[in-house]
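Asks: One structure coming up, written as structure tokens, with questions to follow.
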Amino acid sequence: MEYRYAAIPAVAGGLMLTLLLWWAGASADALDLDGATGALGIETANALRSWLFPWAYDPQAGASVAVTADGASYLALHDTAMQIRFVAVFLFYAAGAVLLVRRLPAERGRVWQALLALWAWGVVAGTLAVTVSAPWLIASGGRGSYRFLPQFAALSSTGRTVLVPLALATAAWTVFVTRLASKNAEPQPRRDVPARAAVVAASAGTAVVAVSVVVLSYQANAARIQTMFTGGGFLSEPGDLLRQWLLFGAWNGPSGVGLWDWLLVRFGDVLLLAAVWCALRWLPGMLTRASVPAMAAGAVCAVVLGLLVRHLWLVATGGRTSAWHLLQAASGLGEGTSAAVLWGTLAGVTATVVLRVAGRRTEAPVPSASAGAAADG
């Protein structure tokens, strides 16, 4: 699919996601109405506030906006931060959707793959937009020089829960527009990828993700990463930020729980790695061209989907079904997306390089014995 045709559904999807998030943020004001807490319950109202307020354009009561003689300037900074956030959502989603729609067109045989990839990319786009706009929100609080990196890590990890359902709706809309825009187009060819090369590439990419899941996320190593920087100063406390971008969690040996319960929890990590391996195994054959950007974007989406699968598994094996537990479980949606951007990109690049090297070795002609004898004669 040409870029001019792929841009139509990408722009439509970017506008849809931006409007949905703006609507979600505007709906946060309803939680402050009289009777809202009584109708929903304190826990539900507080959970909804934490989900929606990161996308609310107007600063809410208790928000980190400085109240000084220059309060108007700080409010202007807050407005600028939210403008950057919504513009960044549109740009990030549209840029990634153009690549995904072009390399993974939503045609017969690829619809569900395109839907899942665009769903995950919507979560990534929102996470990146929140991260990019966080410095302006910190400055609007009037204390940007105080523990800047911990503040940055805290603000960049907000607003992800509401992204998951809204990104799914946006992905469905993008696929629908893609189908309309390409209804008269010829089906895009599939690449013939050697099975052995695809397996080796998928294993190499999954091994990259496993470094974080198994090695770095082990509690002792996670603690070293988060506490290796100490002291004062503007850039002396990146521990929280490193944890967010390097770790998918923190776990240790079976202590305080039975071995079976510990294995159930660790099986979620197995599901995550299995989802990444399957995606990297089949992605080169699904793409119209297994380029480095397409494989990197696809791997990021695969890791995000793997995190959602792991989260659903942990919720299903939690053993509690109360309303409060479900609210807590829903609040964990989207966790690990920052690390997925980093490790998914590395995994995609690694898988592409290994795929090309292994593919060349597979396609290299092997001289037969008869050919060698004829040459000797």
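So you can find residues: chains in the structure tokens are A, B, ... in the order shown, residues in each start at 1, and ligands are numbered from 1 in order.
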Hey, what's within 10 Å of A:Asp79 if we count only C-alpha atoms and toss same-chain stuff fewer than 6 positions away? As JSON, numbers by chain, please?

Replies: {"A": [57, 58, 59, 73, 85, 136, 137, 140]}

Asks: Please dump the current selection as a PDB file, in the first residue's frame; keep N, CA, C and O atoms.

Replies:
ATOM      1  N   TYR A  57      -8.083  18.588  30.498  1.00  0.00           N
ATOM      2  CA  TYR A  57      -7.405  19.785  30.012  1.00  0.00           C
ATOM      3  C   TYR A  57      -7.261  20.833  31.116  1.00  0.00           C
ATOM      4  O   TYR A  57      -6.215  21.456  31.252  1.00  0.00           O
ATOM      5  N   ASP A  58      -8.300  21.038  31.892  1.00  0.00           N
ATOM      6  CA  ASP A  58      -8.253  22.028  32.970  1.00  0.00           C
ATOM      7  C   ASP A  58      -7.639  21.402  34.209  1.00  0.00           C
ATOM      8  O   ASP A  58      -7.923  20.244  34.535  1.00  0.00           O
ATOM      9  N   PRO A  59      -6.794  22.133  34.922  1.00  0.00           N
ATOM     10  CA  PRO A  59      -6.226  21.587  36.167  1.00  0.00           C
ATOM     11  C   PRO A  59      -7.323  21.352  37.192  1.00  0.00           C
ATOM     12  O   PRO A  59      -8.225  22.174  37.374  1.00  0.00           O
ATOM     13  N   SER A  73       0.938  32.516  34.742  1.00  0.00           N
ATOM     14  CA  SER A  73       1.991  31.935  33.904  1.00  0.00           C
ATOM     15  C   SER A  73       2.077  30.431  34.098  1.00  0.00           C
ATOM     16  O   SER A  73       2.280  29.674  33.142  1.00  0.00           O
ATOM     17  N   ARG A  85       0.476  17.344  24.851  1.00  0.00           N
ATOM     18  CA  ARG A  85       0.059  15.959  25.063  1.00  0.00           C
ATOM     19  C   ARG A  85      -0.904  15.490  23.981  1.00  0.00           C
ATOM     20  O   ARG A  85      -0.729  14.416  23.390  1.00  0.00           O
ATOM     21  N   TRP A 136       6.595  19.911  31.011  1.00  0.00           N
ATOM     22  CA  TRP A 136       5.799  21.129  31.125  1.00  0.00           C
ATOM     23  C   TRP A 136       4.859  21.071  32.332  1.00  0.00           C
ATOM     24  O   TRP A 136       4.644  22.075  32.993  1.00  0.00           O
ATOM     25  N   LEU A 137       4.327  19.876  32.599  1.00  0.00           N
ATOM     26  CA  LEU A 137       3.488  19.737  33.788  1.00  0.00           C
ATOM     27  C   LEU A 137       4.309  19.920  35.063  1.00  0.00           C
ATOM     28  O   LEU A 137       3.834  20.499  36.044  1.00  0.00           O
ATOM     29  N   SER A 140       4.856  23.535  35.555  1.00  0.00           N
ATOM     30  CA  SER A 140       3.657  24.260  35.984  1.00  0.00           C
ATOM     31  C   SER A 140       3.422  24.146  37.486  1.00  0.00           C
ATOM     32  O   SER A 140       2.647  24.913  38.046  1.00  0.00           O
TER      33      SER A 140
END

Asks: As a CSV table (one decimal) with C-alpha atoms, in the first residue's frame, please: the residues near A:Val162 (cut-off 12 Å, only C-alpha atoms, same-chain neighbours under 3 positions excluded).

Replies:
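And here's result16.csv as it stands now:
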chain,number,residue,atom,x,y,z
A,17,LEU,CA,-7.8,8.6,19.6
A,20,LEU,CA,-11.7,10.0,22.6
A,21,LEU,CA,-8.9,11.0,25.1
A,22,TRP,CA,-10.1,14.6,25.1
A,23,TRP,CA,-13.7,13.4,25.8
A,24,ALA,CA,-12.4,11.1,28.6
A,25,GLY,CA,-10.5,14.0,30.2
A,28,ALA,CA,-13.5,13.9,34.7
A,47,ALA,CA,-10.1,5.1,40.7
A,48,LEU,CA,-11.9,6.9,37.8
A,49,ARG,CA,-10.2,10.2,38.8
A,50,SER,CA,-6.8,8.6,38.6
A,51,TRP,CA,-7.6,7.2,35.2
A,52,LEU,CA,-9.2,10.3,33.7
A,53,PHE,CA,-7.4,13.3,35.3
A,54,PRO,CA,-4.1,12.9,33.3
A,55,TRP,CA,-6.2,13.7,30.2
A,122,GLY,CA,-2.5,3.2,20.5
A,123,VAL,CA,-1.3,2.4,24.0
A,126,GLY,CA,-0.5,7.6,24.5
A,127,THR,CA,2.3,6.6,26.8
A,158,THR,CA,0.0,8.0,34.5
A,159,GLY,CA,-3.0,7.9,32.2
A,165,PRO,CA,-10.1,0.5,25.9
A,166,LEU,CA,-9.9,3.7,23.9
A,167,ALA,CA,-7.0,2.4,21.8
A,168,LEU,CA,-9.0,-0.8,21.0
A,169,ALA,CA,-11.9,1.4,19.7
A,330,ALA,CA,-8.0,-2.6,35.9
A,331,SER,CA,-5.6,0.1,37.2
A,332,GLY,CA,-2.7,-2.2,36.3
A,333,LEU,CA,-3.6,-2.1,32.6
A,334,GLY,CA,-0.9,-0.5,30.5
A,335,GLU,CA,1.9,-1.1,33.1

Asks: Mind giving me the straight-line distance from atom CA of A:Ser338 to atom CA of A:Leu283 in Å, one decimal?

Replies: 21.8 Å

Asks: Identify which of the residues A:Leu100, A:Ala76, A:Leu149, A:Ile8 lies closest to A:Glu237, counting only C-alpha atoms when measuring atom-to-atom distances.

Replies: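 The closest residue to A:Glu237 is A:Leu149.
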
Asks: In stretch 179-249 of chain A, what's helix (DSSP H, G or I) per DSSP? Answer as a ChimeraX atom specification?

Replies: /A:179-181,195-216,219-227,239-246

Asks: Could you save the residues just selected, with C-alpha atoms, as an mmCIF file, in the first residue's frame?

Replies:
data_model
loop_
_atom_site.group_PDB
_atom_site.id
_atom_site.type_symbol
_atom_site.label_atom_id
_atom_site.label_comp_id
_atom_site.auth_asym_id
_atom_site.auth_seq_id
_atom_site.Cartn_x
_atom_site.Cartn_y
_atom_site.Cartn_z
ATOM 1 C CA ARG A 179 -10.767 -1.527 4.456
ATOM 2 C CA LEU A 180 -12.760 1.284 2.834
ATOM 3 C CA ALA A 181 -9.657 2.981 1.430
ATOM 4 C CA ALA A 195 11.061 -21.409 8.527
ATOM 5 C CA ARG A 196 14.448 -22.037 10.130
ATOM 6 C CA ALA A 197 15.507 -18.423 9.755
ATOM 7 C CA ALA A 198 12.196 -17.198 11.203
ATOM 8 C CA VAL A 199 12.528 -19.485 14.227
ATOM 9 C CA VAL A 200 16.102 -18.394 14.914
ATOM 10 C CA ALA A 201 15.182 -14.696 14.542
ATOM 11 C CA ALA A 202 12.155 -15.041 16.835
ATOM 12 C CA SER A 203 14.249 -16.820 19.449
ATOM 13 C CA ALA A 204 16.919 -14.102 19.333
ATOM 14 C CA GLY A 205 14.341 -11.323 19.689
ATOM 15 C CA THR A 206 12.595 -13.123 22.546
ATOM 16 C CA ALA A 207 15.938 -13.591 24.304
ATOM 17 C CA VAL A 208 16.383 -9.800 24.293
ATOM 18 C CA VAL A 209 13.011 -9.325 26.019
ATOM 19 C CA ALA A 210 13.844 -12.170 28.427
ATOM 20 C CA VAL A 211 16.854 -10.184 29.663
ATOM 21 C CA SER A 212 14.447 -7.747 31.313
ATOM 22 C CA VAL A 213 11.754 -10.272 32.259
ATOM 23 C CA VAL A 214 14.079 -12.838 33.851
ATOM 24 C CA VAL A 215 17.389 -11.144 34.657
ATOM 25 C CA LEU A 216 16.823 -7.451 35.351
ATOM 26 C CA GLN A 219 14.286 -8.421 42.836
ATOM 27 C CA ALA A 220 17.950 -8.163 43.795
ATOM 28 C CA ASN A 221 18.935 -6.832 40.375
ATOM 29 C CA ALA A 222 15.905 -4.524 40.221
ATOM 30 C CA ALA A 223 16.874 -3.043 43.586
ATOM 31 C CA ARG A 224 20.440 -2.391 42.388
ATOM 32 C CA ILE A 225 19.151 -0.636 39.272
ATOM 33 C CA GLN A 226 16.802 1.589 41.240
ATOM 34 C CA THR A 227 19.305 2.496 43.979
ATOM 35 C CA GLY A 239 16.298 5.222 39.746
ATOM 36 C CA ASP A 240 12.521 5.428 39.303
ATOM 37 C CA LEU A 241 12.927 6.385 35.645
ATOM 38 C CA LEU A 242 15.343 3.529 34.961
ATOM 39 C CA ARG A 243 13.019 1.073 36.648
ATOM 40 C CA GLN A 244 10.139 2.229 34.465
ATOM 41 C CA TRP A 245 12.069 1.914 31.206
ATOM 42 C CA LEU A 246 14.135 -1.191 31.984
#

Asks: Could you name the residues that touch A:Leu99 at 9 Å or less, counting only C-alpha atoms, but leaving out those on the same chain fewer than 4 positions away, as a ChimeraX atom specification?

Replies: /A:3,6,10,94-95,103-104,293-294,297

Asks: Quick one: which stretch 212-327 of chain A residues come within 8 Å of stretch 352-360 of chain A, and what is the nearest atom pair for each with the distance in Å to one decimal, counting only C-alpha atoms, rows ordered by chain and ascending number, as a Markdown table?

Replies:
| residue | atom | partner | partner_atom | distance |
| --- | --- | --- | --- | --- |
| A:Ala290 | CA | A:Thr352 | CA | 7.3 |
| A:Ser291 | CA | A:Thr352 | CA | 7.4 |
| A:Val292 | CA | A:Thr352 | CA | 6.1 |
| A:Met295 | CA | A:Thr352 | CA | 6.6 |

Asks: Measuring between only C-alpha atoms, which one of A:Ala316, A:Ala347, A:Ala117, A:Val177 shows the shortest distance to A:Cys301?

Replies: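 Smallest distance to A:Cys301 is found for A:Ala117.
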
Asks: Pick out the closest residue to A:Val193 from this set: A:Gly318, A:Pro238, A:Gly141, A:Gly285. Count only C-alpha atoms.

Replies: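 Looking at the shortest contact to A:Val193, the residue is A:Gly285.
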